[in-house]
>>> print(open('model00.pdb').read())   # PDB, C-alpha atoms
ATOM      1  CA  MET A 960       7.534   1.184 -28.663
ATOM      2  CA  ASP A 961       8.448   1.250 -32.357
ATOM      3  CA  PHE A 962       8.304  -1.216 -35.226
ATOM      4  CA  GLU A 963      10.373  -1.518 -38.350
ATOM      5  CA  GLU A 964       9.772  -4.208 -40.870
ATOM      6  CA  GLU A 965      11.506  -5.893 -43.764
ATOM      7  CA  LYS A 966      10.944  -9.037 -45.751
ATOM      8  CA  HIS A 967      13.467 -11.840 -46.020
ATOM      9  CA  GLY A 968      12.091 -14.274 -48.601
ATOM     10  CA  GLU A 969       8.738 -15.341 -47.207
ATOM     11  CA  VAL A 970       9.626 -14.303 -43.655
ATOM     12  CA  VAL A 971       8.493 -10.960 -42.237
ATOM     13  CA  VAL A 972      11.254  -9.625 -40.001
ATOM     14  CA  GLY A 973       9.875  -7.159 -37.457
ATOM     15  CA  LEU A 974      12.221  -5.075 -35.356
ATOM     16  CA  VAL A 975      10.552  -4.200 -32.047
ATOM     17  CA  SER A 976      12.070  -1.418 -29.964
ATOM     18  CA  GLY A 977      11.326   0.093 -26.581
ATOM     19  CA  ARG A 978       9.019  -1.033 -23.794
ATOM     20  CA  VAL A 979       6.297  -3.575 -24.495
ATOM     21  CA  ASP A 980       4.113  -2.812 -21.496
ATOM     22  CA  GLY A 981       0.396  -2.493 -20.787
ATOM     23  CA  LEU A 982       0.152   0.762 -22.712
ATOM     24  CA  ALA A 983       2.009  -0.529 -25.770
ATOM     25  CA  ALA A 984       0.607  -4.077 -25.766
ATOM     26  CA  PRO A 985      -2.642  -3.324 -27.702
ATOM     27  CA  GLU A 986      -0.599  -1.726 -30.511
ATOM     28  CA  PHE A 987       1.842  -4.666 -30.436
ATOM     29  CA  GLU A 988      -1.023  -7.159 -30.689
ATOM     30  CA  GLN A 989      -2.590  -5.153 -33.517
ATOM     31  CA  TYR A 990       0.738  -5.104 -35.347
ATOM     32  CA  LEU A 991       1.149  -8.893 -35.088
ATOM     33  CA  ASN A 992      -2.456  -9.587 -36.057
ATOM     34  CA  GLY A 993      -2.082  -7.161 -38.976
ATOM     35  CA  ILE A 994       0.771  -9.249 -40.392
ATOM     36  CA  VAL A 995      -1.396 -12.363 -40.308
ATOM     37  CA  GLU A 996      -4.445 -10.570 -41.707
ATOM     38  CA  ARG A 997      -2.566  -9.371 -44.774
ATOM     39  CA  GLY A 998      -1.634 -12.974 -45.541
ATOM     40  CA  ASP A 999       1.944 -13.283 -44.327
ATOM     41  CA  LYS A1000       2.540 -16.497 -42.428
ATOM     42  CA  ASP A1001       5.962 -16.538 -40.807
ATOM     43  CA  VAL A1002       7.272 -13.792 -38.570
ATOM     44  CA  LEU A1003      10.671 -13.284 -37.016
ATOM     45  CA  LEU A1004      10.634 -10.687 -34.266
ATOM     46  CA  ASP A1005      14.024  -9.082 -33.814
ATOM     47  CA  CYS A1006      13.943  -8.062 -30.149
ATOM     48  CA  SER A1007      17.408  -6.469 -30.026
ATOM     49  CA  GLY A1008      15.787  -3.096 -29.280
ATOM     50  CA  MET A1009      13.194  -4.380 -26.808
ATOM     51  CA  ASP A1010      14.026  -3.051 -23.341
ATOM     52  CA  TYR A1011      11.172  -4.469 -21.293
ATOM     53  CA  ILE A1012       8.201  -6.786 -21.612
ATOM     54  CA  SER A1013       5.370  -6.988 -19.066
ATOM     55  CA  SER A1014       2.583  -9.537 -18.649
ATOM     56  CA  ALA A1015       0.417  -7.567 -21.092
ATOM     57  CA  GLY A1016       3.254  -7.654 -23.623
ATOM     58  CA  LEU A1017       3.631 -11.411 -23.174
ATOM     59  CA  ARG A1018      -0.096 -11.835 -23.691
ATOM     60  CA  ALA A1019       0.043  -9.851 -26.946
ATOM     61  CA  LEU A1020       2.992 -11.956 -28.081
ATOM     62  CA  LEU A1021       1.082 -15.154 -27.369
ATOM     63  CA  VAL A1022      -1.975 -13.874 -29.261
ATOM     64  CA  GLY A1023       0.240 -13.043 -32.265
ATOM     65  CA  ALA A1024       2.055 -16.383 -32.146
ATOM     66  CA  ARG A1025      -1.254 -18.237 -31.935
ATOM     67  CA  ALA A1026      -2.617 -16.279 -34.905
ATOM     68  CA  CYS A1027       0.494 -17.150 -36.961
ATOM     69  CA  GLN A1028       0.185 -20.817 -36.005
ATOM     70  CA  GLN A1029      -3.513 -20.944 -36.867
ATOM     71  CA  ASN A1030      -2.677 -19.347 -40.209
ATOM     72  CA  GLY A1031      -0.270 -22.168 -41.022
ATOM     73  CA  GLY A1032       2.824 -20.149 -40.134
ATOM     74  CA  ASN A1033       5.019 -19.561 -37.146
ATOM     75  CA  LEU A1034       6.478 -16.792 -35.028
ATOM     76  CA  ALA A1035      10.054 -16.882 -33.786
ATOM     77  CA  LEU A1036      12.139 -14.483 -31.737
ATOM     78  CA  CYS A1037      15.741 -13.442 -31.959
ATOM     79  CA  ALA A1038      18.291 -11.226 -30.216
ATOM     80  CA  LEU A1039      16.430 -10.977 -26.926
ATOM     81  CA  LYS A1040      18.186  -8.934 -24.262
ATOM     82  CA  PRO A1041      19.004 -11.002 -21.153
ATOM     83  CA  GLU A1042      16.313  -9.353 -18.985
ATOM     84  CA  CYS A1043      13.555  -9.955 -21.569
ATOM     85  CA  LYS A1044      14.832 -13.474 -22.263
ATOM     86  CA  LYS A1045      14.603 -14.253 -18.563
ATOM     87  CA  VAL A1046      10.955 -13.087 -18.403
ATOM     88  CA  LEU A1047      10.048 -15.317 -21.358
ATOM     89  CA  GLU A1048      11.996 -18.229 -19.912
ATOM     90  CA  VAL A1049      10.314 -18.042 -16.487
ATOM     91  CA  SER A1050       6.925 -17.841 -18.213
ATOM     92  CA  GLY A1051       7.605 -21.011 -20.185
ATOM     93  CA  PHE A1052       7.233 -19.251 -23.537
ATOM     94  CA  PHE A1053      10.077 -21.167 -25.116
ATOM     95  CA  ALA A1054       7.891 -24.279 -25.037
ATOM     96  CA  PHE A1055       5.808 -22.515 -27.696
ATOM     97  CA  LEU A1056       8.212 -20.147 -29.461
ATOM     98  CA  GLU A1057      11.618 -20.692 -31.045
ATOM     99  CA  SER A1058      14.268 -18.207 -29.965
ATOM    100  CA  PHE A1059      17.624 -17.538 -31.607
ATOM    101  CA  ASP A1060      20.627 -15.548 -30.424
ATOM    102  CA  THR A1061      20.850 -13.460 -33.586
ATOM    103  CA  ARG A1062      18.763 -12.569 -36.622
ATOM    104  CA  GLU A1063      21.319 -14.328 -38.816
ATOM    105  CA  ASP A1064      21.003 -17.541 -36.772
ATOM    106  CA  ALA A1065      17.216 -17.431 -37.060
ATOM    107  CA  LEU A1066      17.251 -16.909 -40.820
ATOM    108  CA  ALA A1067      19.936 -19.559 -41.324
ATOM    109  CA  ALA A1068      17.743 -22.033 -39.402
ATOM    110  CA  GLU A1069      14.597 -21.071 -41.335
ATOM    111  CA  GLN A1070      13.797 -24.680 -42.234
ATOM    112  CA  ASP A1071      13.537 -25.519 -38.514
ATOM    113  CA  TRP A1072      10.710 -23.126 -37.711
ATOM    114  CA  VAL A1073       9.131 -21.614 -40.839
ATOM    115  CA  GLY A1074       5.709 -23.006 -41.830
ATOM    116  CA  ARG A1075       5.275 -25.036 -38.666
ATOM    117  CA  GLY A1076       1.735 -23.852 -37.972
ATOM    118  CA  ALA A1077      -1.514 -25.740 -37.752
TER     119      ALA A1077
ATOM    120  CA  MET B 273     -19.049 -14.166 -21.435
ATOM    121  CA  LEU B 274     -18.523 -15.362 -17.873
ATOM    122  CA  THR B 275     -15.670 -13.960 -15.804
ATOM    123  CA  LEU B 276     -12.874 -16.312 -14.746
ATOM    124  CA  VAL B 277     -14.200 -16.185 -11.153
ATOM    125  CA  GLU B 278     -17.664 -17.207 -12.354
ATOM    126  CA  GLU B 279     -16.174 -20.034 -14.412
ATOM    127  CA  ILE B 280     -14.185 -21.354 -11.453
ATOM    128  CA  VAL B 281     -17.189 -21.120  -9.110
ATOM    129  CA  LEU B 282     -19.323 -22.933 -11.699
ATOM    130  CA  LEU B 283     -16.772 -25.752 -11.930
ATOM    131  CA  MET B 284     -16.837 -26.113  -8.129
ATOM    132  CA  ILE B 285     -20.519 -27.059  -8.113
ATOM    133  CA  ASP B 286     -21.516 -30.714  -8.437
ATOM    134  CA  GLU B 287     -24.637 -32.151 -10.060
ATOM    135  CA  LYS B 288     -26.589 -31.811  -6.802
ATOM    136  CA  GLY B 289     -25.744 -28.141  -6.460
ATOM    137  CA  SER B 290     -23.263 -28.566  -3.599
ATOM    138  CA  PHE B 291     -19.674 -27.380  -3.595
ATOM    139  CA  ILE B 292     -17.277 -30.220  -4.373
ATOM    140  CA  PRO B 293     -14.824 -30.845  -1.527
ATOM    141  CA  VAL B 294     -11.783 -28.672  -2.219
ATOM    142  CA  ARG B 295      -9.188 -26.978  -0.035
ATOM    143  CA  GLU B 296     -10.759 -23.711   1.139
ATOM    144  CA  THR B 297      -7.455 -21.815   1.243
ATOM    145  CA  ALA B 298      -6.618 -22.868  -2.295
ATOM    146  CA  VAL B 299     -10.074 -21.742  -3.417
ATOM    147  CA  ASP B 300      -9.621 -18.315  -1.796
ATOM    148  CA  TYR B 301      -6.257 -17.861  -3.513
ATOM    149  CA  SER B 302      -7.655 -19.086  -6.817
ATOM    150  CA  ILE B 303     -10.519 -16.591  -6.640
ATOM    151  CA  ALA B 304      -8.027 -13.833  -5.801
ATOM    152  CA  GLY B 305      -5.876 -14.942  -8.762
ATOM    153  CA  ALA B 306      -8.884 -15.187 -11.069
ATOM    154  CA  THR B 307      -9.924 -11.654 -10.125
ATOM    155  CA  LEU B 308      -6.513 -10.170 -10.913
ATOM    156  CA  MET B 309      -6.248 -12.200 -14.127
ATOM    157  CA  GLY B 310      -9.708 -10.920 -15.094
ATOM    158  CA  LEU B 311      -8.556  -7.339 -14.579
ATOM    159  CA  ALA B 312      -5.430  -8.016 -16.640
ATOM    160  CA  PHE B 313      -7.453  -9.550 -19.496
ATOM    161  CA  ALA B 314      -9.761  -6.515 -19.359
ATOM    162  CA  ASN B 315      -6.644  -4.328 -19.845
ATOM    163  CA  ARG B 316      -7.148  -2.596 -16.478
ATOM    164  CA  ILE B 317      -3.924  -3.718 -14.794
ATOM    165  CA  ASP B 318      -0.491  -4.805 -15.923
ATOM    166  CA  THR B 319       2.099  -6.741 -13.962
ATOM    167  CA  ASP B 320       5.681  -7.827 -13.792
ATOM    168  CA  SER B 321       7.327  -9.658 -10.915
ATOM    169  CA  GLU B 322       7.782  -6.438  -8.944
ATOM    170  CA  HIS B 323       4.866  -4.220  -9.948
ATOM    171  CA  LEU B 324       1.138  -4.220 -10.360
ATOM    172  CA  THR B 325       0.141  -1.107 -12.288
ATOM    173  CA  VAL B 326      -3.327   0.232 -13.015
ATOM    174  CA  ILE B 327      -3.349   1.216 -16.682
ATOM    175  CA  ASP B 328      -7.046   2.031 -16.937
ATOM    176  CA  SER B 329      -9.303   2.693 -13.964
ATOM    177  CA  SER B 330     -12.559   2.881 -15.933
ATOM    178  CA  PRO B 331     -15.237   0.356 -14.904
ATOM    179  CA  THR B 332     -15.422  -3.038 -16.585
ATOM    180  CA  ASP B 333     -18.711  -4.777 -17.329
ATOM    181  CA  SER B 334     -18.366  -6.861 -14.155
ATOM    182  CA  ALA B 335     -19.302  -5.622 -10.664
ATOM    183  CA  LEU B 336     -16.944  -8.203  -9.210
ATOM    184  CA  LEU B 337     -13.923  -6.959 -11.154
ATOM    185  CA  ASP B 338     -14.872  -3.335 -10.466
ATOM    186  CA  ARG B 339     -14.892  -4.018  -6.722
ATOM    187  CA  ALA B 340     -11.297  -5.291  -6.914
ATOM    188  CA  LEU B 341     -10.254  -2.481  -9.248
ATOM    189  CA  THR B 342     -11.601   0.116  -6.816
ATOM    190  CA  LEU B 343      -9.699  -1.537  -3.988
ATOM    191  CA  ILE B 344      -6.460  -1.405  -5.989
ATOM    192  CA  THR B 345      -6.872   2.159  -7.278
ATOM    193  CA  SER B 346      -7.756   3.476  -3.819
ATOM    194  CA  SER B 347      -4.695   1.928  -2.221
ATOM    195  CA  GLU B 348      -2.118   4.524  -1.254
ATOM    196  CA  GLU B 349       0.822   2.152  -1.321
ATOM    197  CA  ALA B 350       2.158   0.254  -4.289
ATOM    198  CA  LYS B 351       2.108  -3.480  -3.742
ATOM    199  CA  LEU B 352       3.713  -6.458  -5.433
ATOM    200  CA  PRO B 353       1.334  -8.692  -7.417
ATOM    201  CA  SER B 354       1.880 -11.380  -4.755
ATOM    202  CA  ALA B 355       0.822  -8.913  -2.038
ATOM    203  CA  TRP B 356      -2.408  -8.115  -3.908
ATOM    204  CA  ILE B 357      -3.162 -11.830  -4.089
ATOM    205  CA  GLU B 358      -2.745 -11.968  -0.291
ATOM    206  CA  VAL B 359      -5.046  -8.947   0.131
ATOM    207  CA  LEU B 360      -7.763 -10.477  -2.044
ATOM    208  CA  ALA B 361      -7.463 -14.052  -0.730
ATOM    209  CA  THR B 362      -9.255 -13.115   2.473
ATOM    210  CA  ASP B 363     -12.874 -12.255   3.230
ATOM    211  CA  GLU B 364     -12.756 -10.480  -0.137
ATOM    212  CA  ALA B 365     -12.501 -13.868  -1.872
ATOM    213  CA  ARG B 366     -15.543 -15.128   0.074
ATOM    214  CA  SER B 367     -17.499 -12.005  -0.938
ATOM    215  CA  MET B 368     -16.431 -12.444  -4.543
ATOM    216  CA  ARG B 369     -17.513 -16.077  -4.487
ATOM    217  CA  GLU B 370     -20.948 -14.918  -3.296
ATOM    218  CA  MET B 371     -21.038 -12.215  -5.977
ATOM    219  CA  ALA B 372     -20.148 -14.813  -8.606
ATOM    220  CA  LEU B 373     -22.940 -17.106  -7.358
ATOM    221  CA  ASP B 374     -25.426 -14.207  -7.477
ATOM    222  CA  SER B 375     -24.323 -13.333 -10.984
ATOM    223  CA  LEU B 376     -24.647 -16.967 -12.150
ATOM    224  CA  ILE B 377     -28.166 -17.063 -10.672
ATOM    225  CA  GLU B 378     -29.047 -13.786 -12.385
ATOM    226  CA  GLN B 379     -27.833 -15.195 -15.706
ATOM    227  CA  GLY B 380     -30.095 -18.230 -15.291
ATOM    228  CA  ILE B 381     -27.218 -20.693 -14.973
ATOM    229  CA  LEU B 382     -27.754 -21.609 -11.298
ATOM    230  CA  GLU B 383     -30.645 -21.424  -8.895
ATOM    231  CA  ARG B 384     -30.532 -21.164  -5.120
ATOM    232  CA  SER B 385     -32.425 -23.645  -2.999
ATOM    233  CA  GLY B 386     -32.349 -24.099   0.751
ATOM    234  CA  SER B 387     -33.315 -27.031   2.932
ATOM    235  CA  THR B 388     -33.239 -27.568   6.669
ATOM    236  CA  PHE B 389     -30.611 -30.048   7.774
ATOM    237  CA  MET B 390     -30.760 -31.789  11.185
ATOM    238  CA  TRP B 391     -33.782 -29.572  11.985
ATOM    239  CA  VAL B 392     -31.483 -26.618  12.649
ATOM    240  CA  PHE B 393     -29.040 -25.720   9.900
ATOM    241  CA  GLU B 394     -30.133 -24.487   6.562
ATOM    242  CA  ARG B 395     -28.217 -26.144   3.767
ATOM    243  CA  VAL B 396     -27.978 -23.930   0.688
ATOM    244  CA  ARG B 397     -27.482 -25.577  -2.672
ATOM    245  CA  HIS B 398     -26.977 -24.065  -6.112
ATOM    246  CA  PRO B 399     -28.201 -26.589  -8.663
ATOM    247  CA  ILE B 400     -27.164 -25.940 -12.245
ATOM    248  CA  ILE B 401     -30.259 -25.205 -14.313
ATOM    249  CA  GLY B 402     -28.574 -24.149 -17.549
ATOM    250  CA  ASP B 403     -25.620 -26.441 -18.200
ATOM    251  CA  ARG B 404     -24.584 -25.004 -21.573
ATOM    252  CA  GLU B 405     -21.974 -22.717 -19.975
ATOM    253  CA  GLU B 406     -20.623 -25.443 -17.717
ATOM    254  CA  ARG B 407     -20.235 -27.837 -20.640
ATOM    255  CA  ALA B 408     -18.565 -25.097 -22.709
ATOM    256  CA  VAL B 409     -16.039 -24.349 -19.951
ATOM    257  CA  LYS B 410     -15.208 -28.042 -19.515
ATOM    258  CA  ARG B 411     -14.860 -28.480 -23.278
ATOM    259  CA  ARG B 412     -12.445 -25.522 -23.478
ATOM    260  CA  ILE B 413     -10.310 -27.057 -20.759
ATOM    261  CA  ALA B 414     -10.334 -30.480 -22.448
ATOM    262  CA  ASP B 415      -9.523 -29.002 -25.881
ATOM    263  CA  VAL B 416      -6.492 -27.127 -24.569
ATOM    264  CA  LEU B 417      -5.219 -30.076 -22.521
ATOM    265  CA  LEU B 418      -5.544 -32.482 -25.429
ATOM    266  CA  SER B 419      -3.783 -30.258 -27.959
ATOM    267  CA  ASP B 420      -0.171 -29.148 -28.079
ATOM    268  CA  GLY B 421      -0.804 -25.859 -29.854
ATOM    269  CA  ILE B 422      -0.454 -22.341 -28.491
ATOM    270  CA  PRO B 423      -3.412 -21.830 -26.126
ATOM    271  CA  GLU B 424      -5.528 -18.752 -25.650
ATOM    272  CA  GLN B 425      -4.160 -17.098 -22.534
ATOM    273  CA  ARG B 426      -7.606 -17.085 -20.929
ATOM    274  CA  ASP B 427      -7.910 -20.864 -21.349
ATOM    275  CA  ALA B 428      -4.402 -21.381 -19.982
ATOM    276  CA  ALA B 429      -5.368 -19.204 -16.989
ATOM    277  CA  LEU B 430      -8.525 -21.235 -16.421
ATOM    278  CA  ILE B 431      -6.533 -24.482 -16.343
ATOM    279  CA  CYS B 432      -3.996 -22.918 -13.985
ATOM    280  CA  LEU B 433      -6.831 -21.869 -11.630
ATOM    281  CA  ALA B 434      -8.702 -25.178 -11.854
ATOM    282  CA  ASP B 435      -5.516 -27.067 -11.050
ATOM    283  CA  ALA B 436      -4.626 -24.724  -8.183
ATOM    284  CA  CYS B 437      -7.904 -25.241  -6.363
ATOM    285  CA  GLY B 438      -8.010 -28.967  -7.091
ATOM    286  CA  ILE B 439     -11.144 -29.181  -9.226
ATOM    287  CA  LEU B 440      -9.628 -31.010 -12.199
ATOM    288  CA  PRO B 441     -10.383 -34.436 -10.597
ATOM    289  CA  ALA B 442     -14.065 -33.503 -10.755
ATOM    290  CA  ILE B 443     -13.736 -33.146 -14.529
ATOM    291  CA  PHE B 444     -11.172 -35.773 -15.541
ATOM    292  CA  SER B 445     -10.098 -39.213 -14.343
ATOM    293  CA  VAL B 446      -6.871 -39.669 -12.392
ATOM    294  CA  GLN B 447      -5.320 -41.327 -15.456
ATOM    295  CA  GLU B 448      -6.333 -38.450 -17.715
ATOM    296  CA  ILE B 449      -4.856 -35.901 -15.325
ATOM    297  CA  LYS B 450      -1.654 -37.918 -15.024
ATOM    298  CA  LYS B 451      -1.335 -38.020 -18.803
ATOM    299  CA  ALA B 452      -2.038 -34.289 -19.123
ATOM    300  CA  ARG B 453       0.268 -33.274 -16.243
ATOM    301  CA  PRO B 454       3.223 -32.129 -18.442
ATOM    302  CA  ARG B 455       0.838 -29.899 -20.437
ATOM    303  CA  ILE B 456      -0.771 -28.578 -17.216
ATOM    304  CA  GLU B 457       2.670 -27.688 -15.838
ATOM    305  CA  GLN B 458       3.499 -25.894 -19.096
ATOM    306  CA  LEU B 459       0.273 -23.852 -18.959
ATOM    307  CA  ARG B 460       0.575 -23.034 -15.246
ATOM    308  CA  LYS B 461       3.736 -21.044 -15.959
ATOM    309  CA  LEU B 462       2.314 -18.804 -18.677
ATOM    310  CA  ASP B 463       0.676 -16.226 -16.429
ATOM    311  CA  LEU B 464       2.628 -14.276 -13.834
ATOM    312  CA  ILE B 465      -0.392 -13.886 -11.545
ATOM    313  CA  GLY B 466      -0.965 -17.631 -11.817
ATOM    314  CA  ARG B 467       2.646 -18.326 -10.832
ATOM    315  CA  GLU B 468       2.448 -15.984  -7.843
ATOM    316  CA  MET B 469      -0.860 -17.559  -6.790
ATOM    317  CA  ASN B 470       0.529 -21.094  -7.059
ATOM    318  CA  GLY B 471       3.613 -20.038  -5.087
ATOM    319  CA  ALA B 472       1.412 -18.684  -2.279
ATOM    320  CA  ILE B 473      -0.729 -21.843  -2.170
ATOM    321  CA  GLU B 474       2.351 -24.090  -2.107
ATOM    322  CA  GLU B 475       3.836 -21.992   0.725
ATOM    323  CA  ILE B 476       0.681 -22.362   2.826
ATOM    324  CA  GLU B 477       0.476 -26.089   2.181
ATOM    325  CA  ARG B 478       4.138 -26.479   3.139
ATOM    326  CA  SER B 479       3.436 -24.615   6.409
ATOM    327  CA  ILE B 480       0.471 -26.889   7.145
ATOM    328  CA  ILE B 481       2.571 -30.018   6.558
ATOM    329  CA  ILE B 482       5.316 -28.687   8.849
ATOM    330  CA  ALA B 483       2.771 -27.745  11.537
ATOM    331  CA  MET B 484       1.136 -31.184  11.342
ATOM    332  CA  SER B 485       4.476 -32.956  11.554
ATOM    333  CA  HIS B 486       5.100 -31.165  14.872
ATOM    334  CA  MET B 487       1.764 -32.194  16.372
ATOM    335  CA  PRO B 488       1.998 -34.806  19.147
ATOM    336  CA  HIS B 489       0.867 -38.284  18.017
TER     337      HIS B 489
END
>>> encode(input="model00.pdb", output="structure tokens")
Amino acid sequence: MDFEEEKHGEVVVGLVSGRVDGLAAPEFEQYLNGIVERGDKDVLLDCSGMDYISSAGLRALLVGARACQQNGGNLALCALKPECKKVLEVSGFFAFLESFDTREDALAAEQDWVGRGA
Amino acid sequence: MLTLVEEIVLLMIDEKGSFIPVRETAVDYSIAGATLMGLAFANRIDTDSEHLTVIDSSPTDSALLDRALTLITSSEEAKLPSAWIEVLATDEARSMREMALDSLIEQGILERSGSTFMWVFERVRHPIIGDREERAVKRRIADVLLSDGIPEQRDAALICLADACGILPAIFSVQEIKKARPRIEQLRKLDLIGREMNGAIEEIERSIIIAMSHMPH
């Protein structure tokens, strides 16, 4: 699993690539918590390079999203591959997280999800 | 911190120290589910719908979880998460319930008392002597059900388990449960092991209903 990051205004855009499984999940969780700890609030995870997500990966994602929300921000997803999207859908994650088809869609709809935390 | 199995067992005990009336099969499956969830939260196993993988076979700080972990690591064949729930929802679940009771007694939360019933049977009760943990568990459940924020996965798992074995009515009124039902349904989906466990319980209950409908009146 790899991360790349850029900033778009106040939004941190993180590009996640590879498998988010039990071995990668602790690093994934650390990465998401690190964003919150350094004071950034809103995160868009570009999942176009994510090939697989397991239960441990989902758990890390939920921990990160909760941390963003508690910090007054929000975490959204974009460009999920169909297989990963299905896993998140079955797990009911879209009741808690916004998901967009593309990065451009997510950034264009910023006002709908940015700063929606506690 | 208590394990999920210990928390569920604690919630099953009423103020007199007796087990509240719940469906035994559902309890066995819930204890099996709680055990696997506990291993997942301890980063020992990982799952998807088709695999249960051991990612770390080192012991946890719970004898109960270690027993299940040993069983999984010593298995020669790979099994689906649903199959592991079936394996654990047997006498294993009864043993784990006993282990959880022993652990709760050791931690000073319960005590064991026996009395003779009908001059023959010994009735064992487990009165709660330290109710701080029980109140904390119930408060966590209430807090998550009453909010609409992103829950901690462990709290979502606890609600999923409590709902599966039918102990929520011992904590909340029928009206409160009815009001919280959409949130409960949302939380029940979050954990794959929880979904597999609920699927297995629903399948068994369906079979019982079918069997009963074929019984002569």
>>> residues_around(input="model00.pdb", residues="region 356-366 of chain B", least_positions_apart="5", cutoff="12 Å", atoms="all atoms listed in the file", output="PyMOL selection string")
chain B and resi 277+281+296-309+317+319+322-325+336-337+339-341+343-345+347+349-351+371-373+464-473+476
>>> residues_around(input="model00.pdb", residues="region 426-435 of chain B", least_positions_apart="2", cutoff="6 Å", atoms="all atoms listed in the file", output="MDAnalysis selection string")
chainID B and resid 302 424 437:440 459:460
>>> resolve_selection(input="model00.pdb", expression="the PyMOL selection byres ((chain B) within 6 of (chain A))", output="ChimeraX atom specification")
/B:318-320,422,461-462
>>> resolve_selection(input="model00.pdb", expression="the PyMOL selection byres ((chain A and resi 998-1001) around 10)", output="ChimeraX atom specification")
/A:969-972,993-997,1002-1004,1024,1026-1035,1069,1072-1076
>>> atom_distance(input="model00.pdb", atom1="CA of Leu991 (chain A)", atom2="CA of Leu1020 (chain A)")
7.9 Å
>>> residues_around(input="model00.pdb", residues="Phe1059 (chain A)", least_positions_apart="2", cutoff="12 Å", atoms="all atoms listed in the file", output="ChimeraX atom specification")
/A:1003-1007,1034-1040,1044,1053,1056-1057,1061-1069,1071-1072
>>> atom_distance(input="model00.pdb", atom1="CA of Asp1060 (chain A)", atom2="CA of Phe987 (chain A)")
21.7 Å
